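Enquirer: Got a structure for you, questions after.
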Amino acid sequence: MATKSKKTRKKGIARITLAGQPKKHSNFHQDDVRIEEELERHHLEQLMYWFHVHQPTSSEDDSDRRLSPSAAAAASPFSIVAPSFRQRTRRRRAGMLTLSEFSDVLTKVIGTDIQEKQVESFFNKLDTASDGYVDWNEFCTYMLMQFRERDFVQTLRLLPFQSEAKIKHIVPNKQEPTVKIVCIDSPAKIITISKEGSMCVWSPSLHLEKSYRINGTDGPQQQQQQSKRRVREWVTDAVHLGNCHRLAIASTGRDIRFYDVTTADQYYEELQLYGLSDVAVSLNYWFDEKVPGSQSLLLFGDDRGAVHVLYFSKPLRQLFAVPFGKKGEETQRIYFPDLKFHTEFVSHVRLEATFVDPIRRLIYLPENSYVALCTSHSKYSMVLAAVDNKNKSYVFSLSKGVDCFDYSRSLNVLATGSSDRMVRLWNAYVITRPVAVLVGHNTNVIDVKIIESRAIVISYSREAVVKVWDMKEYVCLQTIAVKFPNSHLGRLPDYGPFPMATTHSLFPKSVLVTANDYVAMLKLGQVNDPVFSSTPLTHKTQLCGAVYNACLRQVVTAADDSSIGVWDATTGEKQMLYTGAHGREEITALTLDDTGRRLITGARNGTIKVWNVQNGHNLHQLEAVDDTEVSGIVCVPEKKSILVVGWSRKIALYNDTEPDNLLLRANTDWKGGHLHNDDILSAAVCPPALLATASYDGEILVWFLETEVLFKKLRKTRPIRTSARISAMTGIPQRASRPNSRHRNIQKPLDGQASPVDKLLFLPRRAEAKQSEAAILVSSEAGTLRWWSVFGQKTEIGNFCACVDGDECVLALCTTEANDLLITGDTQGKVTVWKIEEYCVRPDDRSNVLAPGVAFSWNAHSNVVVSAECFVHASSTYLLTASTDSTAKLWTLDGLAIGTFGQKKQWSLDNPLTWIEPPQWAIEEEDERRTKELLFQSRENKEIEEDVDQENADENVDDKSQPDNDIPLNHRKLNRLLSFGPETSKNAAQKESSSVRSKTFAFGSKVPNHNTRVSLGTRVAGQMERLRQDRQGRRRFMEGIDFSRTNRYGTLQCCAYQAVNMPELEEVKNPEKMFQSSQFPFKTTSNDPSLNSKTAIVKVGPRSTAPPMPRQDPALCNKDTDLS
């Protein structure tokens, strides 16, 4: 039990929790609880104190320190554990705790509920130096990395933009800014329009397809008229007319041009509405999407503050009463004042404004026929005005006006941005103050957009910065500085009046922003897509492998996008993810060292790196032998080296005794020589002395690790190809540009081509038993498993086909600790467990040519299984598989799925009920436990009910005024009413003998959850106790009840407890013309037809506030009466 010292009181350290009284950490008895997740601030303060005051005793010496047992077990379980050659010789100083001291400190701080294996696992994660000590710096580094990774993983789910912006240069703009971006749904196109009238059409992937010139400069006559003008017209706005497939473009020439965009090949100008009273500076179009042919509206605001509305009555037929021109004629021109002659198709309404500032933007609100507009006026900054001028207008005032806004009808949110660098969120009909003010931009906010599906607001500032705001918590989720080529040296780019737009038909949705003559596309993430959310993925791309870390109980996965993930094997939780490990090169090989603290990865370009598993730091970079794929990495603790093989056809060694060197040089002077004539595809080690390598031409060589000389050639070199002959003659490797084996579409080798060796696997238990004639090496070649005897006279003593389809291959091989089971994974995603305990033990056994028995087989993945590994946890063996379907999964050896790394719901290896497929024995044990618990509760409930029965019987005997045939409501009748509803006396008597257990299970076949289960018998017993106490209280107050009055017409189940004050019952008939509402349906229950229209029983719902109806004739209360 920890006590509080005087020194602790002086320093003001928080009170230490007593070892026997843990408050919040009572869940440490669970094996899946991580200590680092349970530590709070006061715990960290106490730990800091104990680290600072620690002083090693004189009896302690460096020789007394030891690695934790799990760290020592991190080496291969089939080999003799060698001491770690990576231990640094740090001299013991104050504040360096051993495992036992660290355990004592945690017990003082947290309590005795912590299990020893939890402390050991935590200590191994902190001991990044692998020297058996943990100091305060290592503790803080690990905790900061964990907090940072946790925040990153949580924030990654919320980041709307998960990729960089795609930037394109709009060359036809001729260095003029883009005024408007228009997104067309069908066909999906993106149109950008510049200030000078350059219209560019882009594909959804932002590929320029074609460009046009507007402003009347297409034909020779228009060019002649344009040359006479001194000032060129500028485009002010554009809008897409979705139902009639036209594009309206407004310009400073006081006109609106209508382009036909029906076909994707050619856009042409169809109509021109000229002679406007003022310049249209903002456009908006609305139509009913359910009825596209109904009336639609085109709104435009001018530079004098007025709003014009054009009502198109037949938009699908034509917009104006002008016939289409003949072929070769010019664009039809319509004079704006002549719209009074076009009333059959269009009508015009002008809304006068009380200010003269230009209308920057406007949106039509169809739900209440309002128009929302914004200006730079300080008094009329934001206005919601009725189109018909009949309803009230809402005016928002801001000192610097409103430059942009967006409105969401479903969220009822109005977002505004202005030159005061703030984004405001408003209730559309509350003008006093905004709901929230979002501050974070350093320059003017020039555009805002609301994404309703994600409940976010996207704002765009003048410094080309995009910010994403959460509309629920009003915080900034993401900030992106779009790096346009022309936004450098502190110069702000030029923008049009509408610099941002969002796509609707594209998936995923995209946000487009412009600056000068550039456009950028930001794609929203796919977090809300049900297709992606329903299938959990470990990585975004296909995996190259997965390994288990016995020291830290973690799983490490690597993918082709050069990302590495670290997962908790016991729960499936993601602990760390670092991307870009090898740039953009795919990872092709990975392994862990013998201590389990370092990860070595190799890439397709030949680069090799060493990582710290706990924090993701790059410790070493190994010199590349060649710019070819690394296919195998093996840690050799006996030689204190790292051995690497690959398509370079060489065996390279790297000295691992210098932990401070960042770059490790490659030693290619293999004493036995480089004997492989083709690419080396696999390598395997049999501790402590043997190394096996296999190449693409089928050659298998066995080496002595210590002397580096060839021990045996299991298979002679096949006839080499022409490229290999040229390579042997010239000394220059001649390689075909073939993909990795897991990427090949056709796995079977072509005719005349040797079968490549995809995988090698040693059986170390057989080697330790010194079975000289037995097969201790297994090779996978085009779906065939070959068994090799290394020490016997006969090398190949058995083979069988492990794939059903002859065109498939086996790329994943692993075995259990006892070498009694062999697990294979093929290119179809199938996993098979073979019984090999007696297979190929004797070379002359005839059964060696037959396949061994299959213990289990199942379809584990939908694509190629690239790796498989068995590991032991809590005396149970589990299987880890990785596939090119972007998933890594955990299984039992009998094929039960535990979970997929990356799924939302976590599992516990110690609780099979949390697995995806719980074993049958666990389900039966849980059912048996719950049944026993329910039976025990039923017995308790029965005893309580018997006590209540006895008390009620005593009360009934004492009550002299009660007739013998009138029995009050007891607990069994109340229980029957609660369970089955109103019953007749005959049916009630029949069900009187039913047991409590049968009534309890009648409410559902499934047993409820323990966390929310409330036993029905306990609930009924409590209700009965309250009823009994209330009844006794009333009897003491009223001195008895006259049951001749309450049960006047027999024993009814519906008599009220307020019957002591009930007046005499009398028959009341409803009037003949009584009002009947649909809210209170009437139901006639009498057999007398004369009462059908006058007397009724009213069913009043729980939300009804109707007065009580008159009491009915008791004769109507038969068994069919609805008493609810």
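Just so we're on the same page: first chain in the structure tokens is A, next is B, and so on; residues restart at 1 for each chain, and ligands are numbered from 1 in the order they show up.
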Fewer than 4 positions away in the same chain doesn't count, so skip those; otherwise give me all residues within 7 Å of Ile359 in chain A, counting only C-alpha atoms, as a list in words.

Expert: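 Close residues of Ile359 in chain A: Val281, Ser282, Gly301, Asp302, Asp303, Gly305, Leu373, Cys374 and Thr375 of chain A.
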
Enquirer: Compile a residue-level contact table for range 593-681 of chain A against range 125-130 of chain A at a cut-off of 12 Å, reporting for every qualifying residue the shortest atom pair and its distance in Å to one decimal, with only C-alpha atoms counted, rows ordered by chain and ascending number, as JSON lines.

Expert:
```
{"residue": "A:Asp593", "atom": "CA", "partner": "A:Ser130", "partner_atom": "CA", "distance": 11.9}
{"residue": "A:Asp594", "atom": "CA", "partner": "A:Ser130", "partner_atom": "CA", "distance": 11.3}
{"residue": "A:Thr595", "atom": "CA", "partner": "A:Ser130", "partner_atom": "CA", "distance": 7.8}
{"residue": "A:Gly596", "atom": "CA", "partner": "A:Ser130", "partner_atom": "CA", "distance": 9.6}
{"residue": "A:Arg597", "atom": "CA", "partner": "A:Thr128", "partner_atom": "CA", "distance": 7.0}
{"residue": "A:Arg598", "atom": "CA", "partner": "A:Thr128", "partner_atom": "CA", "distance": 9.2}
{"residue": "A:Trp611", "atom": "CA", "partner": "A:Thr128", "partner_atom": "CA", "distance": 11.3}
{"residue": "A:Asn612", "atom": "CA", "partner": "A:Thr128", "partner_atom": "CA", "distance": 7.7}
{"residue": "A:Val613", "atom": "CA", "partner": "A:Thr128", "partner_atom": "CA", "distance": 8.7}
{"residue": "A:Gln614", "atom": "CA", "partner": "A:Lys125", "partner_atom": "CA", "distance": 6.2}
{"residue": "A:Asn615", "atom": "CA", "partner": "A:Thr128", "partner_atom": "CA", "distance": 8.6}
{"residue": "A:Gly616", "atom": "CA", "partner": "A:Thr128", "partner_atom": "CA", "distance": 11.0}
{"residue": "A:His617", "atom": "CA", "partner": "A:Thr128", "partner_atom": "CA", "distance": 10.7}
{"residue": "A:Leu619", "atom": "CA", "partner": "A:Thr128", "partner_atom": "CA", "distance": 11.5}
{"residue": "A:Pro659", "atom": "CA", "partner": "A:Ala129", "partner_atom": "CA", "distance": 10.1}
{"residue": "A:Asp660", "atom": "CA", "partner": "A:Ala129", "partner_atom": "CA", "distance": 11.8}
```

Enquirer: Please provide as a PyMOL selection string all residues within 9 Å of Ala888 in chain A, with the sequence filter that same-chain residues fewer than 5 positions apart are discarded (counting only C-alpha atoms).

Expert: chain A and resi 537-539+543+545-546+557+880-883+899-902

Enquirer: Those residues with N, CA and C atoms, as a CSV table (one decimal), in the first residue's frame please?

Expert:
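Listing of selection-v8.csv after writing:
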```csv
chain,number,residue,atom,x,y,z
A,537,LEU,N,-11.2,-2.1,-45.0
A,537,LEU,CA,-9.9,-2.2,-45.6
A,537,LEU,C,-8.8,-1.9,-44.7
A,538,THR,N,-7.7,-2.7,-44.8
A,538,THR,CA,-6.5,-2.4,-44.0
A,538,THR,C,-5.7,-1.3,-44.5
A,539,HIS,N,-5.5,-1.3,-45.9
A,539,HIS,CA,-4.8,-0.2,-46.6
A,539,HIS,C,-5.7,0.2,-47.8
A,543,LEU,N,-1.9,-5.3,-50.4
A,543,LEU,CA,-0.9,-5.5,-49.4
A,543,LEU,C,0.2,-6.4,-50.0
A,545,GLY,N,2.4,-7.8,-47.6
A,545,GLY,CA,2.8,-8.8,-46.5
A,545,GLY,C,2.3,-8.2,-45.2
A,546,ALA,N,2.4,-9.1,-44.2
A,546,ALA,CA,2.0,-8.8,-42.8
A,546,ALA,C,2.9,-9.7,-41.9
A,557,THR,N,1.8,-4.3,-41.1
A,557,THR,CA,1.4,-4.5,-42.5
A,557,THR,C,2.0,-3.5,-43.4
A,880,LEU,N,-2.5,-15.3,-39.2
A,880,LEU,CA,-2.5,-14.0,-39.8
A,880,LEU,C,-2.3,-14.1,-41.3
A,881,THR,N,-3.2,-13.5,-42.1
A,881,THR,CA,-3.1,-13.6,-43.5
A,881,THR,C,-3.2,-12.1,-44.1
A,882,ALA,N,-2.5,-11.9,-45.2
A,882,ALA,CA,-2.6,-10.7,-45.9
A,882,ALA,C,-2.8,-11.0,-47.4
A,883,SER,N,-3.5,-10.1,-48.1
A,883,SER,CA,-3.9,-10.3,-49.5
A,883,SER,C,-3.8,-9.0,-50.3
A,899,GLY,N,-11.4,-11.2,-37.2
A,899,GLY,CA,-11.6,-9.8,-37.6
A,899,GLY,C,-10.7,-9.4,-38.7
A,900,THR,N,-11.0,-8.3,-39.3
A,900,THR,CA,-10.2,-7.6,-40.3
A,900,THR,C,-9.5,-6.4,-39.7
A,901,PHE,N,-8.2,-6.2,-39.9
A,901,PHE,CA,-7.5,-5.1,-39.4
A,901,PHE,C,-8.0,-3.9,-40.2
A,902,GLY,N,-8.6,-2.9,-39.5
A,902,GLY,CA,-9.2,-1.8,-40.1
A,902,GLY,C,-10.7,-1.6,-39.9
```

Enquirer: Between CA of Tyr311 in chain A and CA of Ser296 in chain A, what is the distance, to one decimal in Å?

Expert: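 If I compute the distance from CA of Tyr311 in chain A to CA of Ser296 in chain A, I get 5.9 Å.
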
Enquirer: Which is closer to Gly646 in chain A than all the others in A:Glu101, A:Glu623, A:Glu869, A:Asp678, using only C-alpha atoms?

Expert: A:Asp678

Enquirer: Excluding range 849-857 of chain A and residues on its chain fewer than 6 positions from it, collect all residues at most 7 Å away from it, counting only C-alpha atoms, and give them as a list of chain:residue names.

Expert: A:Gly798, A:Asn799, A:Phe800, A:Val831, A:Thr832, A:Val833, A:Trp834, A:Lys835, A:Ile836, A:Tyr839, A:Asp894, A:Gly895

Enquirer: Of the candidates A:Leu339, A:Val307, A:Val685, A:Ala250, which one gets nearest to Ala386 in chain A if we count only C-alpha atoms?

Expert: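 Using only C-alpha atoms, Ala386 in chain A sits closest to A:Val307.
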
Enquirer: Residues within 6 Å of Ser381 in chain A, please, as a ChimeraX atom specification. Count only C-alpha atoms; anything in the same chain fewer than 6 positions from it doesn't count.

Expert: /A:374-375,396-398,401-402

Enquirer: Could you name the residues that touch Ile167 in chain A at 12 Å or less, counting only C-alpha atoms, but leaving out those on the same chain fewer than 2 positions away, as a PyMOL selection string?

Expert: chain A and resi 164-165+169-170+205-207+482-486+511-515+517-523

Enquirer: Quote the spacing between CA of Gly1022 in chain A and CA of Asp927 in chain A in Å to one decimal place.

Expert: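 Taking CA of Gly1022 in chain A and CA of Asp927 in chain A, their separation equals 26.9 Å.
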
Enquirer: Can you work out which one of A:Phe341, A:Val864, A:Glu796, A:Ala874 has the shortest atom-to-atom distance to Cys809 in chain A, counting only C-alpha atoms?

Expert: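 Of the candidates, the smallest distance to Cys809 in chain A is held by A:Val864.
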
Enquirer: Using only C-alpha atoms, which of A:Glu45, A:Asp805, A:Asp104, A:Asp265 sits nearest Ser211 in chain A?

Expert: A:Asp265

Enquirer: Can you measure CA of Asn368 in chain A to CA of Asn389 in chain A for me? One decimal in Å is fine.

Expert: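 Computing it gives 11.9 Å between the two atoms.
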